[in-house]
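Colleague: This is the structure I want to talk about, given as C-alpha cells.
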Amino acid sequence: MASPFPRLGAASGAPGPAAAGGPAAPINLRRLGRVRVLEALARYGALSRADLVRHTGLARASVGTVIFDLMRSGLVEETAEEASPGIKTGRPPQVFGLVPGAGYALGVDIGHDHVRAVLTNLSGTPCWDRSSPRLAIDHDPWQALASAADLSRQALGDAGVPRESVLGIGLGIACPVNADSGDLAADGIMQGWAGIRPADELAERTGFPVRIINDANACVLAEQRYGAARESADVIYLRLSSGIGAGVISGGRMLVGGGGVAGELGHVTVEPSGAVCRCGNRGCLETVASPAALTGLLARSWGRPVSDTDLTWLVRDGDRGTLRAVGDAGDAVGRVLAPAVQLLNPGLIVIGGELAAAGEVLFEPIRRALARGIMPSHTRGLRIVPGALGDSAGARGAAALILDGAPRQLGMERTAPSALGDEDEGGLADDD
C-alpha cells in the first residue's frame with residue numbers, strides 16, 4: 001500500500017543508506033504495520049479497529065497488536081471522538097487517535113517583507129504563532145534566516161516543548177523552489193537569495209532537518225488540511241500578497257511541475273505595455289494586482305503615501321478610487337485565472353493574501369472575468385472563497401509538510417519493547 005502522503009518539498013540533511021548508494025535496509029513488517037496505522041490515523045482522524053483494517057489492509061489480529069504497541073510507545077490513545085462512518089454494531093466500538101503531544105512540527109513562512117513561525121502538534125493544531133514583520137527579506141537573506149532561527153527557539157521555549165519532540169522544520173518561501181534539489185529560482189524574484197540554499201542554512205542554524213516548499217504551495221496544503229479547501233480534491237489557491245503565486249491540487253495531488261516551479265501566475269502578462277516587473281517581463285499580474293501595486297497607484301494619484309492598512313480601511317469606507325483600483329485588479333486576476341480554470345477544471349478557488357480582505361469588491365470582478373473567459377461548463381459548481389487561515393496559512397502548510405512524514409518517522413523510530421521482537425509477524429494480509 002503506497003503512502004497517501006506525497007513528497008511535496010526538498011529535504012535537507014544527509015541521505016539514507018539507499019539514497020547514498022548503499023544497500024537498502026530489509027523491510028521490517030512489524031514497523032511497516034505501525035507506519036500504515038499511523039498514516040491512516042493521520043489522514044482520517046479517529047478510527048475504530050474495523051476502520052483501520054479497511055484503511056490499512058492489515059489483518060484484524062495485526063491491527064490489534066499494532067495498536068497495543070503504539071499505545072505503549074505513547075503514539076496512539078483511545079479517544080472519545082466518533083469513528084468515521086462504517087459498519088455499526090450494537091456496542092460502540094473502541095476508537096483510537098494520535099496522541100497530539102507525541103510530536104511537534106515547526107513551520108516557517110519567509111515572505112517578501114516578513115518571517116512567520118508556528119509550532120504545531122501532531123494533529124496540526126497550532127501551539128505557538130509569531131511573526132517578525134517589516135524586514136528587507138529580498139535583499140537580506142541572512143537577517144531573514146536569523147529571524148527564522150530565533151523564532152524557532154522562542155517557540156520551543158515559550159511552549160515548553162523539548163527539542164527531541166520536534167520532528168523538523170517546514171520552510172515556505174515566496175520564491176520558486178525546485179522541489180527535488182531545494183534550489184531557488186531567485187533571479188528577478190528575491191535577488192539577494194541567488195545561490196543560497198535556505199533549507200541547508202536553516203538546518204545548520206537550528207540543528208533540525210528542514211524541508212522547503214514554495215509559499216503558495218504551502219498555503220494550498222494548509223487550506224486543504226485545515227481551512228477553506230478542506231476535503232477538496234481539485235482546488236487552486238491564489239495568494240495576492242507582496243508577491244502573487246498559485247498552489248494547485250488536482251485529483252488530490254499537488255501539481256509542482258517538472259522543475260517544481262508550477263503556479264507562477266503572478267508573472268503572467270496581463271498588460272503588454274504595462275510596468276516592468278521585477279522578474280524582467282512587462283505588465284505581469286503582480287504589477288497590477290498586488291497590494292503594493294494598488295497602494296502605489298493610489299499614492300501617485302493622490303500625491304501622498306498609502307499603506308496596506310490604509311487600503312483595507314479605504315475599501316471598507318467605500319472610497320470610489322480605491323474600489324475602482326481593487327475592481328480593476330480583480331478583473332486582471334480573473335483574466336489570468338481563466339485559462340488555468342479551463343485547463344484544470346477546479347471545483348474551488350481560494351483567494352488568500354492581504355488583498356483577500358477586500359472581499360466581494362475583489363471577488364465579483366474575478367467571477368465576471370472568469371465568466372467571460374471560460375466555457376459555461378467550467379463555471380458550474382465553481383466556488384470562489386477567501387482563505388480561512390489568514391496570514392498563518394503559509395507557516396501552517398510548511399509545518400504540515402513535516403507532519404506528512406511523521407507516520408513513517410515515528411513508526412520506524414519510536415518503538416516500545418515487544419515480546420514479539422522486531423521480526424515479521426506474518427500479519428500483513430487480510431484474514432476475512
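Going by the C-alpha cells order, chains are called A, B, ..., each with residues numbered from 1, while ligands are numbered from 1 in the order shown.
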I'd like the contact shell of stretch 269-282 of chain A - 10 Å cut-off, only C-alpha atoms, skipping same-chain residues fewer than 6 positions apart - returned as a list in words.
Modeller: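 Neighbouring residues, sequence-local ones excluded: Ala186, Asp187, Gly188, Ile189, Met190, Gln191, Val288, Ala332, Val333, Arg335 and Val336 of chain A.
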Colleague: Running DSSP on the backbone, which parts of stretch 218-252 of chain A land in strand (DSSP E or B), as a ChimeraX atom specification?
Modeller: /A:235-240,244-250
Colleague: Need the shell around stretch 353-357 of chain A: protein/DNA/RNA residues with any atom at most 9 Å away, counting only C-alpha atoms. Skip same-chain ones fewer than 4 positions apart. Format as a compact mmCIF listing (two decimals) with C-alpha atoms, in the first residue's frame?
Modeller:
```txt
# COMPACT_ATOMS: atom_id res chain seq x y z
CA LEU A 238 -4.05 32.21 -5.30
CA ARG A 239 -2.01 34.28 -2.87
CA LEU A 240 -2.40 38.03 -3.50
CA SER A 241 0.34 39.40 -1.31
CA SER A 242 3.66 41.21 -1.80
CA ILE A 244 1.50 36.63 -6.30
CA ALA A 289 -2.94 43.22 -8.55
CA SER A 290 -0.55 43.07 -5.59
CA PRO A 291 -1.25 45.28 -2.57
CA ASP A 308 -1.65 48.35 3.12
CA LEU A 311 -6.07 50.19 1.60
CA THR A 312 -8.16 47.96 3.87
CA VAL A 326 -9.42 46.90 -6.47
CA LEU A 362 -12.42 41.88 -5.38
CA PHE A 363 -14.28 38.60 -5.85
CA PRO A 386 -11.44 33.70 0.79
CA GLY A 387 -8.82 31.70 2.64
CA GLY A 390 -5.24 34.27 7.10
CA ASP A 391 -1.59 35.16 7.50
```
Colleague: Quick one: pick out all helix (DSSP H, G or I) residues within stretch 192-279 of chain A from a backbone DSSP run and write them as a CSV table (one decimal) with C-alpha atoms, in the first residue's frame.
Modeller:
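The result, written out as out.csv:
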```
chain,number,residue,atom,x,y,z
A,192,GLY,CA,19.7,38.6,-2.6
A,193,TRP,CA,19.0,34.9,-2.3
A,198,PRO,CA,17.8,28.2,2.6
A,199,ALA,CA,16.9,24.7,3.9
A,200,ASP,CA,20.5,23.8,4.4
A,201,GLU,CA,21.2,27.2,6.1
A,202,LEU,CA,18.3,27.0,8.4
A,203,ALA,CA,19.1,23.3,9.3
A,204,GLU,CA,22.7,24.4,10.2
A,205,ARG,CA,21.4,27.3,12.4
A,206,THR,CA,18.8,25.2,14.3
A,215,ASP,CA,4.8,29.6,-0.1
A,216,ALA,CA,1.7,29.3,-2.3
A,217,ASN,CA,2.1,25.5,-2.3
A,218,ALA,CA,2.3,25.6,1.5
A,219,CYS,CA,-0.8,27.7,1.6
A,220,VAL,CA,-2.9,25.4,-0.5
A,221,LEU,CA,-1.7,22.4,1.6
A,222,ALA,CA,-2.8,24.2,4.8
A,223,GLU,CA,-6.2,25.3,3.4
A,224,GLN,CA,-6.9,21.8,2.2
A,225,ARG,CA,-6.0,20.2,5.6
A,226,TYR,CA,-7.4,22.8,8.0
A,265,LEU,CA,0.6,33.1,-12.1
A,266,GLY,CA,1.9,36.4,-10.7
A,267,HIS,CA,4.2,36.6,-13.7
```
Colleague: Would you pick out the contacts of stretch 374-382 of chain A at 7 Å or less, using only C-alpha atoms, so that residues sharing its chain but fewer than 3 positions from it are not included, and give the list as number ranges by chain?
Modeller: A: 338, 342, 345, 347-348, 370-371
Colleague: Point out the residue among A:Gly252, A:Gly394, A:Gly74, A:Gly182 with the least atom-to-atom distance to A:Val118, counting only C-alpha atoms.
Modeller: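 Ranking A:Gly252, A:Gly394, A:Gly74, A:Gly182 by distance to A:Val118, first place goes to A:Gly394.
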Colleague: How many Å separate atom CA of A:Tyr237 from atom CA of A:Ala117?
Modeller: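 Result for atom CA of A:Tyr237 versus atom CA of A:Ala117: 20.7 Å, one decimal.
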Colleague: Go ahead and compute the interatomic distance for atom CA of A:Leu75 and atom CA of A:Val99, in Å to one decimal.
Modeller: 5.3 Å
Colleague: Quote the spacing between atom CA of A:Ile196 and atom CA of A:Asp150 in Å to one decimal place.
Modeller: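 So the two atoms, atom CA of A:Ile196 and atom CA of A:Asp150, lie 19.2 Å apart.
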Colleague: Identify, on the basis of only C-alpha atoms, every residue whose closest approach to A:Asp109 does not exceed 6 Å; exclude the query and any residue fewer than 3 positions from it along the same chain; express the result as a tab-separated table (two decimals) with C-alpha atoms, in the first residue's frame.
Modeller:
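As written to disk, around30.tsv reads:
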```
chain	number	residue	atom	x	y	z
A	115	VAL	CA	9.11	35.96	8.68
A	116	ARG	CA	6.43	33.96	10.48
A	172	GLY	CA	7.84	28.05	2.95
A	173	ILE	CA	9.37	30.83	0.89
A	394	GLY	CA	1.98	29.60	4.74
A	395	ALA	CA	3.59	28.64	8.04
```
Colleague: With only C-alpha atoms as the basis for distance, which of A:Glu77, A:Asp331, A:Glu413, A:Glu164 is at the shortest distance from A:Glu364?
Modeller: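 Result for the nearest residue to A:Glu364: A:Asp331.
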Colleague: Near A:Pro407, counting only C-alpha atoms, which residues have an atom at most 10 Å away, once you skip same-chain residues fewer than 4 positions from it, shown as a ChimeraX atom specification?
Modeller: /A:3,5,34-43,75,98,122,403,411-413
Colleague: How would the residues just chosen look if you wrote them out with N, CA and C atoms as a PDB file, in the first residue's frame?
Modeller:
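selection.pdb, written as the output of this step:
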```
ATOM      1  N   SER A   3       2.072   5.103   0.462  1.00  0.00           N
ATOM      2  CA  SER A   3       1.745   6.141   1.434  1.00  0.00           C
ATOM      3  C   SER A   3       0.839   7.175   0.798  1.00  0.00           C
ATOM      4  N   PHE A   5       0.665  10.156   1.637  1.00  0.00           N
ATOM      5  CA  PHE A   5       1.266  11.468   1.850  1.00  0.00           C
ATOM      6  C   PHE A   5       2.401  11.669   0.865  1.00  0.00           C
ATOM      7  N   ARG A  34       3.103  -0.523  11.797  1.00  0.00           N
ATOM      8  CA  ARG A  34       2.952   0.695  12.598  1.00  0.00           C
ATOM      9  C   ARG A  34       2.784   1.914  11.699  1.00  0.00           C
ATOM     10  N   VAL A  35       3.604   1.981  10.648  1.00  0.00           N
ATOM     11  CA  VAL A  35       3.534   3.122   9.742  1.00  0.00           C
ATOM     12  C   VAL A  35       2.163   3.198   9.085  1.00  0.00           C
ATOM     13  N   ARG A  36       1.647   2.056   8.655  1.00  0.00           N
ATOM     14  CA  ARG A  36       0.339   2.047   7.997  1.00  0.00           C
ATOM     15  C   ARG A  36      -0.759   2.541   8.934  1.00  0.00           C
ATOM     16  N   VAL A  37      -0.743   2.098  10.166  1.00  0.00           N
ATOM     17  CA  VAL A  37      -1.767   2.524  11.124  1.00  0.00           C
ATOM     18  C   VAL A  37      -1.622   4.012  11.418  1.00  0.00           C
ATOM     19  N   LEU A  38      -0.413   4.492  11.613  1.00  0.00           N
ATOM     20  CA  LEU A  38      -0.201   5.913  11.890  1.00  0.00           C
ATOM     21  C   LEU A  38      -0.621   6.776  10.699  1.00  0.00           C
ATOM     22  N   GLU A  39      -0.334   6.312   9.487  1.00  0.00           N
ATOM     23  CA  GLU A  39      -0.756   7.050   8.298  1.00  0.00           C
ATOM     24  C   GLU A  39      -2.272   7.149   8.219  1.00  0.00           C
ATOM     25  N   ALA A  40      -2.945   6.061   8.515  1.00  0.00           N
ATOM     26  CA  ALA A  40      -4.410   6.072   8.471  1.00  0.00           C
ATOM     27  C   ALA A  40      -4.987   7.032   9.514  1.00  0.00           C
ATOM     28  N   LEU A  41      -4.446   7.025  10.722  1.00  0.00           N
ATOM     29  CA  LEU A  41      -4.940   7.922  11.766  1.00  0.00           C
ATOM     30  C   LEU A  41      -4.631   9.380  11.437  1.00  0.00           C
ATOM     31  N   ALA A  42      -3.453   9.628  10.833  1.00  0.00           N
ATOM     32  CA  ALA A  42      -3.104  10.997  10.457  1.00  0.00           C
ATOM     33  C   ALA A  42      -4.010  11.512   9.344  1.00  0.00           C
ATOM     34  N   ARG A  43      -4.397  10.628   8.445  1.00  0.00           N
ATOM     35  CA  ARG A  43      -5.189  11.064   7.295  1.00  0.00           C
ATOM     36  C   ARG A  43      -6.676  11.160   7.603  1.00  0.00           C
ATOM     37  N   LEU A  75       2.176   6.871  21.213  1.00  0.00           N
ATOM     38  CA  LEU A  75       1.815   7.496  19.949  1.00  0.00           C
ATOM     39  C   LEU A  75       0.317   7.481  19.678  1.00  0.00           C
ATOM     40  N   LEU A  98      -4.307   9.665  17.223  1.00  0.00           N
ATOM     41  CA  LEU A  98      -2.932  10.023  17.555  1.00  0.00           C
ATOM     42  C   LEU A  98      -2.889  10.809  18.858  1.00  0.00           C
ATOM     43  N   LEU A 122       1.035  17.124  16.731  1.00  0.00           N
ATOM     44  CA  LEU A 122       0.947  16.064  15.733  1.00  0.00           C
ATOM     45  C   LEU A 122      -0.356  16.117  14.942  1.00  0.00           C
ATOM     46  N   LEU A 403       4.627  17.136   9.063  1.00  0.00           N
ATOM     47  CA  LEU A 403       3.681  16.174   9.642  1.00  0.00           C
ATOM     48  C   LEU A 403       3.348  15.056   8.661  1.00  0.00           C
ATOM     49  N   GLY A 411       6.834   5.823  13.263  1.00  0.00           N
ATOM     50  CA  GLY A 411       6.600   4.387  13.204  1.00  0.00           C
ATOM     51  C   GLY A 411       7.873   3.588  13.088  1.00  0.00           C
ATOM     52  N   MET A 412       8.873   4.150  12.453  1.00  0.00           N
ATOM     53  CA  MET A 412      10.147   3.449  12.286  1.00  0.00           C
ATOM     54  C   MET A 412      11.087   3.656  13.469  1.00  0.00           C
ATOM     55  N   GLU A 413      10.955   4.809  14.137  1.00  0.00           N
ATOM     56  CA  GLU A 413      11.957   5.162  15.138  1.00  0.00           C
ATOM     57  C   GLU A 413      11.499   4.935  16.571  1.00  0.00           C
TER      58      GLU A 413
END
```
